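**Q** One structure, pasted below without further comment.
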Amino acid sequence: MSQENRSKRDPRYDILFDPVKIGPVVAKNRFYQVPHCNGGGYRDPSAVTEMRRTKAQGGWGVIFTEQVEMHPTSEIAPFIELRLWDDKDIPALARMADAMKSHGALAGIELAYSGVNGSNLYTKEVPRGPMSSPILTFFKDPVTTRAMDKQDISDLRRWHKQAYRRAKTAGFDIIELYGAHGFGIIQHFLSPLTNQRTDEYGGSLENRARLMRELILDAKDEIGDTMAIALRLSLHETGGFENNEVRDMIEMHGDLPDLWDLGHGSWEDCSGPSRFVEEGAQEPLVRGIKALTSKPVVGVGRFTSPDAMVSQIKRGVLDFIGAARPSIADPFIPRKIDEGRIDDIRECIGCNICVTGDMTMSISRCTQNPTFMEEWRKGWHPEEFAPKGQSNTVLVIGAGPAGLEAARVAAMRGYDVALAEAGTELGGRVRLECRLPGLSAWGRVRDYRTHQLSQLPNVNIYFESRLATQDVLDFGFEHVAIATGSKWRRDGVARRNLLPIEIDGDMPLFTPDDLLSGDLPEGKEIVLYDDDHYYMGGVLAELLVGKGAKVTLVTPSTLVSEWTINTLEQHRIQSKLLNLGVTVVTTHGLQRINAGSATVDCTYTGRTREIDCDSVVLVTARLPDDSLWQELVAREDEWAAVGIKSIRRIGDVEAPAPIAWATYAGHRFGRELDLERAPDTLSFRREVVALAPLDPVPQSVSETAPSPVAG
Ligand code: ADP
Ligand code: SF4
């Protein structure tokens, strides 16, 4: 970074750039990228490596891996994280450590032994935990842990020592032991819920902390002279290892680890979506802990504001600003603060779409940063763009998330961009949806892009410009992106009903589009039918209750807003609606809408019943708003004569999906302008597993097999 840029830093933020000692190593600043999943893990090691490298470039002082399964007797298949089971895993991790350190950051590895959270579906090993207990996973696998005996504990310590040495060989600077979110064996031993042992590892806090102490002392013996040992703990486990005991434990062992990395509670608490959790929400749980230890304290809180970060440091709450999601949405936050470019920060909106990549074992995407996990696969850099190709002009039609991102990326590449919007404001669906209960932070999708476009001299925005087919042909831009969005259906068709249902015209009928444009149902009793299963049904129920309506939410699913399991908010949504007095009718489809009622049928028995109501709101499915596209395609033979080289539809007008899909489509449009790709080739790079020999397996004890005496 140039001295010139650095001098632009607001001196108020200098404190964020203080070096901080962590045991035998020193972080160059206070920006600590805490471990976070990405859906790539061991399957996509190069994609993960380049993702972490962008964070190094972006100025983070400490960069971590996601959780690394440190032994095959505890793995979390089908979730895809990293592995350090034997020496074969070292090269991939070494490459990651190298990338993390490429700009002076410290490279951290989070070692996880998953205990009661690991079903071992892949290795088929018997899971181990402090006591015999059902495995506590998302999927309620019908598997039980075996209670660890003394030999098991001794094995566990030995396996940790092996992992410490391997982490050192791989080149990491910090080892963090995972004892947070209910996911790590250290927490399982610390918690009186999962540890009801009666030996010296159970009972008193001192006893429950014994394993933690042994593992850290072993680490200090093995690698503590050159590597820092950090402990990641949850600040509060309801009914178990609660905040007062966490504080007692830290006071008892204050100087044992070289750093305390403190998460909120469960993963759902710690990665709380903005709909329910504000920036800096964990402060009441972490405040005062710094006084209990001389070692640095890290905390998280979806921090995107440098003022909030400075406040945490100056008030003595934290030493390091921990961040996962903010570092995903903008890997360059530290550098932008350092260079005085606060307005360029692409703030996380707290939607948790990134989490869904892990939950669906696919690969993560980010609503705000479409380059996330595409750094290696597609060569997309969050801040750098290839110069434009041989064309010059681009017309983007529609200023929703897809159109805004397409215009931004095309303009960053140097094209002359015209953005035409039918309405009087930018943002498309986000402009309206961010007014719904709890979704105000989603407006950042529009705000970031609006600011960026305002800084680009080669973008012209035209409001109140609903373009028709002839307009597009008359203008003759070389490339056209049609980003005209979608509309909610009013015929009941979605997943349960694949054909339109019978609807009596006397029943007032509403879709989310109506409610978003301020057209609210009349009457008191409203049936809201949700066959969409993401956030919209639940949010609209909340909106209607707030307007005084009595809402019955009917869904064919067993859960309200079922897909939000993947964004870690389903439980919060359903409990909120129940507490608001919404009547929830699950496992029922909507069969027919009558003049004064809705007929619903049980998805199991087919039995029907009537629910009397004054209005019905259908949250079902969306259809592309693609008449402009269709008409232009019908006149494709006229394109070349007016100078049009390509017309593409992007975002919801192509295939309605969450906002992250639209920003991705817009980004891709901008990146691929004038890009020639051979037909029928993959649009990204992937890694294919190297084939191993088919030789018979030697029937002897292998390096990683559990100790034969431990059975
Ligand atoms: P996406 O999520 O794909 O970005 P949105 O529905 O959020 O789609 O945004 C679509 C935007 O396109 C809206 O702001 C809408 O006003 C605008 N729009 C729709 N049709 C036209 C048109 N023919 N000309 C210009 N703008 C249009
Ligand atoms: Fe933030 Fe959403 Fe991006 Fe995750 S996907 S980092 S929550 S903006």
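Identifiers for the structure tokens are assigned positionally: chains receive A, B, ... in sequence, residues are indexed from 1 per chain, and ligands are indexed from 1 in the order shown.
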List as a Markdown table every residue of chain A that is in contact with ligand 1, defined as an atom at most 8 Å from one of its atoms (using only C-alpha atoms and all ligand atoms), together with the nearest atom pair and the distance in Å rounded to one decimal, sorted by chain and then rising number.

**A**
| residue | atom | partner | partner_atom_place_in_ligand_line | distance |
| --- | --- | --- | --- | --- |
| A:Ile397 | CA | ligand 1 | 25 (C) | 4.8 |
| A:Gly398 | CA | ligand 1 | 12 (O) | 3.2 |
| A:Ala399 | CA | ligand 1 | 14 (O) | 4.8 |
| A:Gly400 | CA | ligand 1 | 9 (O) | 3.4 |
| A:Pro401 | CA | ligand 1 | 4 (O) | 3.9 |
| A:Ala402 | CA | ligand 1 | 4 (O) | 3.7 |
| A:Gly403 | CA | ligand 1 | 4 (O) | 5.4 |
| A:Leu404 | CA | ligand 1 | 4 (O) | 7.3 |
| A:Ala420 | CA | ligand 1 | 25 (C) | 5.2 |
| A:Glu421 | CA | ligand 1 | 26 (N) | 3.8 |
| A:Ala422 | CA | ligand 1 | 26 (N) | 3.9 |
| A:Gly423 | CA | ligand 1 | 16 (O) | 5.0 |
| A:Glu425 | CA | ligand 1 | 14 (O) | 7.5 |
| A:Leu426 | CA | ligand 1 | 14 (O) | 6.5 |
| A:Gly427 | CA | ligand 1 | 14 (O) | 6.0 |
| A:Gly428 | CA | ligand 1 | 14 (O) | 3.4 |
| A:Arg429 | CA | ligand 1 | 7 (O) | 3.7 |
| A:Val430 | CA | ligand 1 | 7 (O) | 6.1 |
| A:Arg431 | CA | ligand 1 | 7 (O) | 8.0 |
| A:Glu464 | CA | ligand 1 | 25 (C) | 7.7 |
| A:Ser465 | CA | ligand 1 | 25 (C) | 5.6 |
| A:Arg466 | CA | ligand 1 | 24 (N) | 3.6 |
| A:Leu467 | CA | ligand 1 | 24 (N) | 4.1 |
| A:Ala468 | CA | ligand 1 | 23 (N) | 5.8 |
| A:Ala483 | CA | ligand 1 | 3 (O) | 5.2 |
| A:Thr484 | CA | ligand 1 | 12 (O) | 3.6 |
| A:Gly485 | CA | ligand 1 | 8 (O) | 3.3 |
| A:Ser486 | CA | ligand 1 | 6 (O) | 5.3 |
| A:Lys487 | CA | ligand 1 | 6 (O) | 7.6 |
| A:Asp625 | CA | ligand 1 | 20 (N) | 7.1 |
| A:Leu628 | CA | ligand 1 | 23 (N) | 6.3 |
| A:Ile650 | CA | ligand 1 | 3 (O) | 6.3 |
| A:Gly651 | CA | ligand 1 | 3 (O) | 3.7 |
| A:Asp652 | CA | ligand 1 | 3 (O) | 3.7 |
| A:Val653 | CA | ligand 1 | 3 (O) | 5.7 |
| A:Glu654 | CA | ligand 1 | 3 (O) | 7.8 |
| A:Pro656 | CA | ligand 1 | 3 (O) | 7.2 |
| A:Ala657 | CA | ligand 1 | 2 (O) | 7.8 |
| A:Pro658 | CA | ligand 1 | 2 (O) | 7.7 |
| A:Ile659 | CA | ligand 1 | 2 (O) | 5.8 |
| A:Ala662 | CA | ligand 1 | 2 (O) | 5.1 |
| A:Thr663 | CA | ligand 1 | 4 (O) | 7.2 |
| A:Gly666 | CA | ligand 1 | 4 (O) | 7.9 |

**Q** Restricting the output to C-alpha atoms, write the selected residues as a PDB file, in the first residue's frame.

**A**
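The file below, selection22.pdb, is the result:
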ATOM      1  CA  ILE A 397     -32.503  -2.139 -18.469  1.00  0.00           C
ATOM      2  CA  GLY A 398     -33.797  -2.295 -14.912  1.00  0.00           C
ATOM      3  CA  ALA A 399     -32.021  -1.079 -11.778  1.00  0.00           C
ATOM      4  CA  GLY A 400     -32.644  -3.945  -9.382  1.00  0.00           C
ATOM      5  CA  PRO A 401     -29.762  -5.932  -7.864  1.00  0.00           C
ATOM      6  CA  ALA A 402     -28.962  -7.600 -11.206  1.00  0.00           C
ATOM      7  CA  GLY A 403     -29.032  -4.394 -13.252  1.00  0.00           C
ATOM      8  CA  LEU A 404     -27.102  -2.346 -10.692  1.00  0.00           C
ATOM      9  CA  ALA A 420     -32.522   2.745 -17.736  1.00  0.00           C
ATOM     10  CA  GLU A 421     -35.026   2.367 -14.912  1.00  0.00           C
ATOM     11  CA  ALA A 422     -38.792   2.538 -15.290  1.00  0.00           C
ATOM     12  CA  GLY A 423     -39.281   3.975 -11.813  1.00  0.00           C
ATOM     13  CA  GLU A 425     -35.465   5.144  -7.696  1.00  0.00           C
ATOM     14  CA  LEU A 426     -32.696   2.571  -7.848  1.00  0.00           C
ATOM     15  CA  GLY A 427     -32.822  -0.825  -6.171  1.00  0.00           C
ATOM     16  CA  GLY A 428     -35.688  -2.792  -7.744  1.00  0.00           C
ATOM     17  CA  ARG A 429     -37.085  -5.343  -5.324  1.00  0.00           C
ATOM     18  CA  VAL A 430     -34.526  -4.422  -2.672  1.00  0.00           C
ATOM     19  CA  ARG A 431     -35.848  -0.855  -2.570  1.00  0.00           C
ATOM     20  CA  GLU A 464     -38.747   7.073 -15.547  1.00  0.00           C
ATOM     21  CA  SER A 465     -37.502   5.283 -18.622  1.00  0.00           C
ATOM     22  CA  ARG A 466     -39.639   2.215 -19.151  1.00  0.00           C
ATOM     23  CA  LEU A 467     -38.040   0.991 -22.344  1.00  0.00           C
ATOM     24  CA  ALA A 468     -40.018  -0.696 -25.080  1.00  0.00           C
ATOM     25  CA  ALA A 483     -32.840  -6.996 -15.859  1.00  0.00           C
ATOM     26  CA  THR A 484     -36.538  -6.301 -15.596  1.00  0.00           C
ATOM     27  CA  GLY A 485     -37.205  -8.666 -12.707  1.00  0.00           C
ATOM     28  CA  SER A 486     -40.221 -10.793 -11.886  1.00  0.00           C
ATOM     29  CA  LYS A 487     -43.758 -10.728 -10.529  1.00  0.00           C
ATOM     30  CA  ASP A 625     -41.318 -10.083 -16.205  1.00  0.00           C
ATOM     31  CA  LEU A 628     -39.446  -6.987 -23.433  1.00  0.00           C
ATOM     32  CA  ILE A 650     -30.091 -11.529 -16.243  1.00  0.00           C
ATOM     33  CA  GLY A 651     -31.385 -12.084 -12.728  1.00  0.00           C
ATOM     34  CA  ASP A 652     -35.043 -12.598 -11.907  1.00  0.00           C
ATOM     35  CA  VAL A 653     -36.187 -11.955 -15.461  1.00  0.00           C
ATOM     36  CA  GLU A 654     -34.269 -15.076 -16.484  1.00  0.00           C
ATOM     37  CA  PRO A 656     -36.439 -15.733 -10.203  1.00  0.00           C
ATOM     38  CA  ALA A 657     -34.280 -16.555  -7.175  1.00  0.00           C
ATOM     39  CA  PRO A 658     -32.891 -14.883  -4.037  1.00  0.00           C
ATOM     40  CA  ILE A 659     -31.113 -11.523  -4.368  1.00  0.00           C
ATOM     41  CA  ALA A 662     -29.337 -11.607  -9.136  1.00  0.00           C
ATOM     42  CA  THR A 663     -26.122  -9.846  -8.066  1.00  0.00           C
ATOM     43  CA  GLY A 666     -25.248  -9.056 -12.984  1.00  0.00           C
TER      44      GLY A 666
END

**Q** Determine, counting only C-alpha atoms, which protein, DNA and RNA residues have an atom within 10 Å of an atom of Lys140 in chain A; residues of the same chain fewer than 6 positions away are not included. Present the result as a list of chain:residue names.

**A**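 Here the qualifying residues turn out to be A:Asn117, A:Ser119, A:Pro134.
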
**Q** Going by DSSP on the backbone, which bits of range 295-499 of chain A are alpha helix (DSSP H)? Write them as JSON, numbers by chain, please.

**A** {"A": [306, 307, 308, 309, 310, 311, 312, 313, 314, 325, 326, 327, 328, 329, 333, 334, 335, 336, 337, 338, 353, 354, 355, 356, 357, 358, 359, 401, 402, 403, 404, 405, 406, 407, 408, 409, 410, 411, 412, 429, 430, 431, 432, 433, 444, 445, 446, 447, 448, 449, 450, 451, 452, 453, 454, 469, 470, 471, 472, 473, 474, 475]}

**Q** Please tabulate, as JSON lines, the residues of range 39-117 of chain A that come within 9 Å of range 161-170 of chain A, each with its closest pair of atoms and the distance in Å to one decimal, counting only C-alpha atoms and ordering rows by chain, then residue number upward.

**A**
{"residue": "A:Met70", "atom": "CA", "partner": "A:Ala163", "partner_atom": "CA", "distance": 6.2}
{"residue": "A:His71", "atom": "CA", "partner": "A:Ala163", "partner_atom": "CA", "distance": 8.1}
{"residue": "A:Leu84", "atom": "CA", "partner": "A:Ala163", "partner_atom": "CA", "distance": 6.8}
{"residue": "A:Trp85", "atom": "CA", "partner": "A:Ala163", "partner_atom": "CA", "distance": 7.8}
{"residue": "A:Asp86", "atom": "CA", "partner": "A:Arg166", "partner_atom": "CA", "distance": 8.0}
{"residue": "A:Asp87", "atom": "CA", "partner": "A:Arg166", "partner_atom": "CA", "distance": 6.9}
{"residue": "A:Asp89", "atom": "CA", "partner": "A:Arg166", "partner_atom": "CA", "distance": 8.9}
{"residue": "A:Ile90", "atom": "CA", "partner": "A:Ala170", "partner_atom": "CA", "distance": 5.6}
{"residue": "A:Pro91", "atom": "CA", "partner": "A:Ala170", "partner_atom": "CA", "distance": 6.9}
{"residue": "A:Ala92", "atom": "CA", "partner": "A:Ala170", "partner_atom": "CA", "distance": 8.5}
{"residue": "A:Leu93", "atom": "CA", "partner": "A:Ala170", "partner_atom": "CA", "distance": 6.0}
{"residue": "A:Ala94", "atom": "CA", "partner": "A:Ala170", "partner_atom": "CA", "distance": 4.1}
{"residue": "A:Arg95", "atom": "CA", "partner": "A:Ala170", "partner_atom": "CA", "distance": 7.9}
{"residue": "A:Met96", "atom": "CA", "partner": "A:Ala170", "partner_atom": "CA", "distance": 8.7}
{"residue": "A:Ala97", "atom": "CA", "partner": "A:Ala170", "partner_atom": "CA", "distance": 6.9}
{"residue": "A:Asp98", "atom": "CA", "partner": "A:Ala170", "partner_atom": "CA", "distance": 8.6}
{"residue": "A:Ile109", "atom": "CA", "partner": "A:Ala167", "partner_atom": "CA", "distance": 7.3}
{"residue": "A:Leu111", "atom": "CA", "partner": "A:Ala163", "partner_atom": "CA", "distance": 8.0}

**Q** Would you work out the distance separating CA of Ser615 in chain A from CA of Leu439 in chain A, expressed in Å to one decimal?

**A**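 Distance between the two atoms: 24.8 Å.
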
**Q** What do you get as a PyMOL selection string if you pick all residues at most 10 Å from ligand 2, counting only C-alpha atoms and all ligand atoms?

**A** chain A and resi 271-274+302+323-331+346-357+364-370+372+441-442+444-445+567+659-660

**Q** Could you name the residues that touch range 679-691 of chain A at 7 Å or less, counting only C-alpha atoms, but leaving out those on the same chain fewer than 2 positions away, as a list in words?

**A**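 Selected residues are Asp44, Arg377, Lys378, Arg677 and Pro693 of chain A.
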
**Q** Write the residues you've just listed into a file as an mmCIF file, in the first residue's frame, and include N, CA and C atoms for each of them.

**A**
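Generated file (result_27.cif):
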data_model
loop_
_atom_site.group_PDB
_atom_site.id
_atom_site.type_symbol
_atom_site.label_atom_id
_atom_site.label_comp_id
_atom_site.auth_asym_id
_atom_site.auth_seq_id
_atom_site.Cartn_x
_atom_site.Cartn_y
_atom_site.Cartn_z
ATOM 1 N N ASP A 44 -12.696 -28.380 -2.582
ATOM 2 C CA ASP A 44 -12.270 -27.278 -3.451
ATOM 3 C C ASP A 44 -11.099 -26.515 -2.831
ATOM 4 N N ARG A 377 -12.023 -20.226 -9.044
ATOM 5 C CA ARG A 377 -12.842 -20.949 -10.030
ATOM 6 C C ARG A 377 -13.015 -20.133 -11.307
ATOM 7 N N LYS A 378 -13.271 -18.832 -11.143
ATOM 8 C CA LYS A 378 -13.516 -17.999 -12.321
ATOM 9 C C LYS A 378 -12.463 -16.922 -12.514
ATOM 10 N N ARG A 677 -15.655 -17.749 -25.163
ATOM 11 C CA ARG A 677 -15.380 -19.052 -24.555
ATOM 12 C C ARG A 677 -15.771 -20.130 -25.553
ATOM 13 N N PRO A 693 -4.075 -45.783 -6.635
ATOM 14 C CA PRO A 693 -4.015 -47.146 -7.183
ATOM 15 C C PRO A 693 -5.144 -48.007 -6.632
#

**Q** Looking at only C-alpha atoms, which of A:Glu125, A:Asp626, A:Glu200, A:Asp519 is the one that sits closest to Thr73 in chain A?

**A** A:Glu125

**Q** Sorted by chain and rising residue number, list the residues of range 512-559 of chain A at most 6 Å from range 568-591 of chain A (counting only C-alpha atoms), each with its closest atom pair and distance in Å to one decimal, as a Markdown table.

**A**
| residue | atom | partner | partner_atom | distance |
| --- | --- | --- | --- | --- |
| A:Val551 | CA | A:Val582 | CA | 5.3 |
| A:Thr552 | CA | A:Thr583 | CA | 4.6 |
| A:Leu553 | CA | A:Val584 | CA | 5.0 |
| A:Val554 | CA | A:Val585 | CA | 4.7 |
| A:Thr555 | CA | A:Thr586 | CA | 5.0 |
| A:Pro556 | CA | A:Thr587 | CA | 4.2 |
| A:Ser557 | CA | A:Thr587 | CA | 5.1 |
| A:Thr558 | CA | A:Thr586 | CA | 5.2 |

**Q** So how far away is CA of Met359 in chain A from CA of Asp173 in chain A, in Å?

**A**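 About the pair CA of Asp173 in chain A and CA of Met359 in chain A: they are 28.9 Å apart.
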
**Q** For the atom pair CA of Ile482 in chain A and CA of Arg648 in chain A, what is the interatomic distance in Å to one decimal place?

**A**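 Interatomic distance, CA of Ile482 in chain A to CA of Arg648 in chain A: 6.0 Å.
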
**Q** Would you pick out the contacts of range 24-36 of chain A at 7 Å or less, using only C-alpha atoms, so that residues sharing its chain but fewer than 3 positions from it are not included, and give the list as a list in words?

**A**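 What passes the distance filter is Leu16, Phe17, Asp18, Pro19, Val20, Lys21, Trp60, Gly61, Val62, Ile63, Phe64, Thr65, Glu66, Gln67, Ala105, Leu106, Glu110, Asp225, Thr226, Met227, Ala228, Asp319, Phe320, Ile321, Gly322, Ala323, Ala324, Ser327 and Pro334 of chain A.
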
**Q** Could you write out that same residue set with C-alpha atoms as a compact mmCIF listing (two decimals), in the first residue's frame?

**A**
# COMPACT_ATOMS: atom_id res chain seq x y z
CA LEU A 16 -7.30 -0.43 14.55
CA PHE A 17 -3.86 -0.67 12.98
CA ASP A 18 -1.87 -1.20 16.19
CA PRO A 19 0.20 -4.40 16.11
CA VAL A 20 -0.90 -6.89 18.78
CA LYS A 21 1.19 -9.70 20.26
CA TRP A 60 -6.48 -8.56 7.51
CA GLY A 61 -3.97 -9.02 10.34
CA VAL A 62 -5.04 -12.59 11.10
CA ILE A 63 -6.71 -14.99 8.67
CA PHE A 64 -8.15 -18.35 9.63
CA THR A 65 -9.18 -21.52 7.89
CA GLU A 66 -12.65 -22.90 8.46
CA GLN A 67 -12.90 -25.73 10.97
CA ALA A 105 -1.07 -11.61 7.85
CA LEU A 106 -0.77 -14.38 10.41
CA GLU A 110 -8.91 -24.02 13.58
CA ASP A 225 7.69 -21.75 21.19
CA THR A 226 6.87 -20.69 17.62
CA MET A 227 3.09 -20.88 17.26
CA ALA A 228 0.32 -19.17 19.21
CA ASP A 319 -8.51 -6.32 21.48
CA PHE A 320 -9.27 -7.69 18.04
CA ILE A 321 -12.25 -7.09 15.77
CA GLY A 322 -13.34 -10.57 14.76
CA ALA A 323 -15.26 -10.89 11.52
CA ALA A 324 -16.49 -13.66 9.28
CA SER A 327 -14.87 -10.20 5.61
CA PRO A 334 -9.10 -3.15 6.57

**Q** Here is a test: counting only C-alpha atoms, which residue of A:Tyr604, A:Lys8, A:Phe332, A:Asp307 is nearest to His381 in chain A?

**A**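 Selected residue with least distance to His381 in chain A: A:Phe332.
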
**Q** From the DSSP assignment of the backbone, select every residue of range 88-166 of chain A that is strand (DSSP E), and format the answer as a PyMOL selection string.

**A** chain A and resi 106-112+128-129+146-147

**Q** Ranking A:Ile80, A:Ile345, A:Ile186, A:Ala180 by minimum distance to Pro130 in chain A and counting only C-alpha atoms, which one comes first?

**A**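 The shortest atom-to-atom distance to Pro130 in chain A comes from A:Ile186.
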
**Q** May I have the residues within 10 Å of Cys270 in chain A as a list in words, using only C-alpha atoms and disregarding those fewer than 3 positions away in the same chain?

**A**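 Skipping anything fewer than 3 positions along the chain leaves Ala180, His181, Ser234, Leu235, Leu262, Gly263, His264, Gly265, Ser266, Trp267, Pro273, Val277, Ala281, Gln282, Val300, Gly301, Arg302 and Leu568 of chain A.
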
**Q** Considering only C-alpha atoms, state which residue in the set A:Ala410, A:Ile501, A:Leu516, A:Ile342 is at the smallest distance from Leu456 in chain A.

**A**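 Looking only at the distances to Leu456 in chain A, the closest residue turns out to be A:Ala410.
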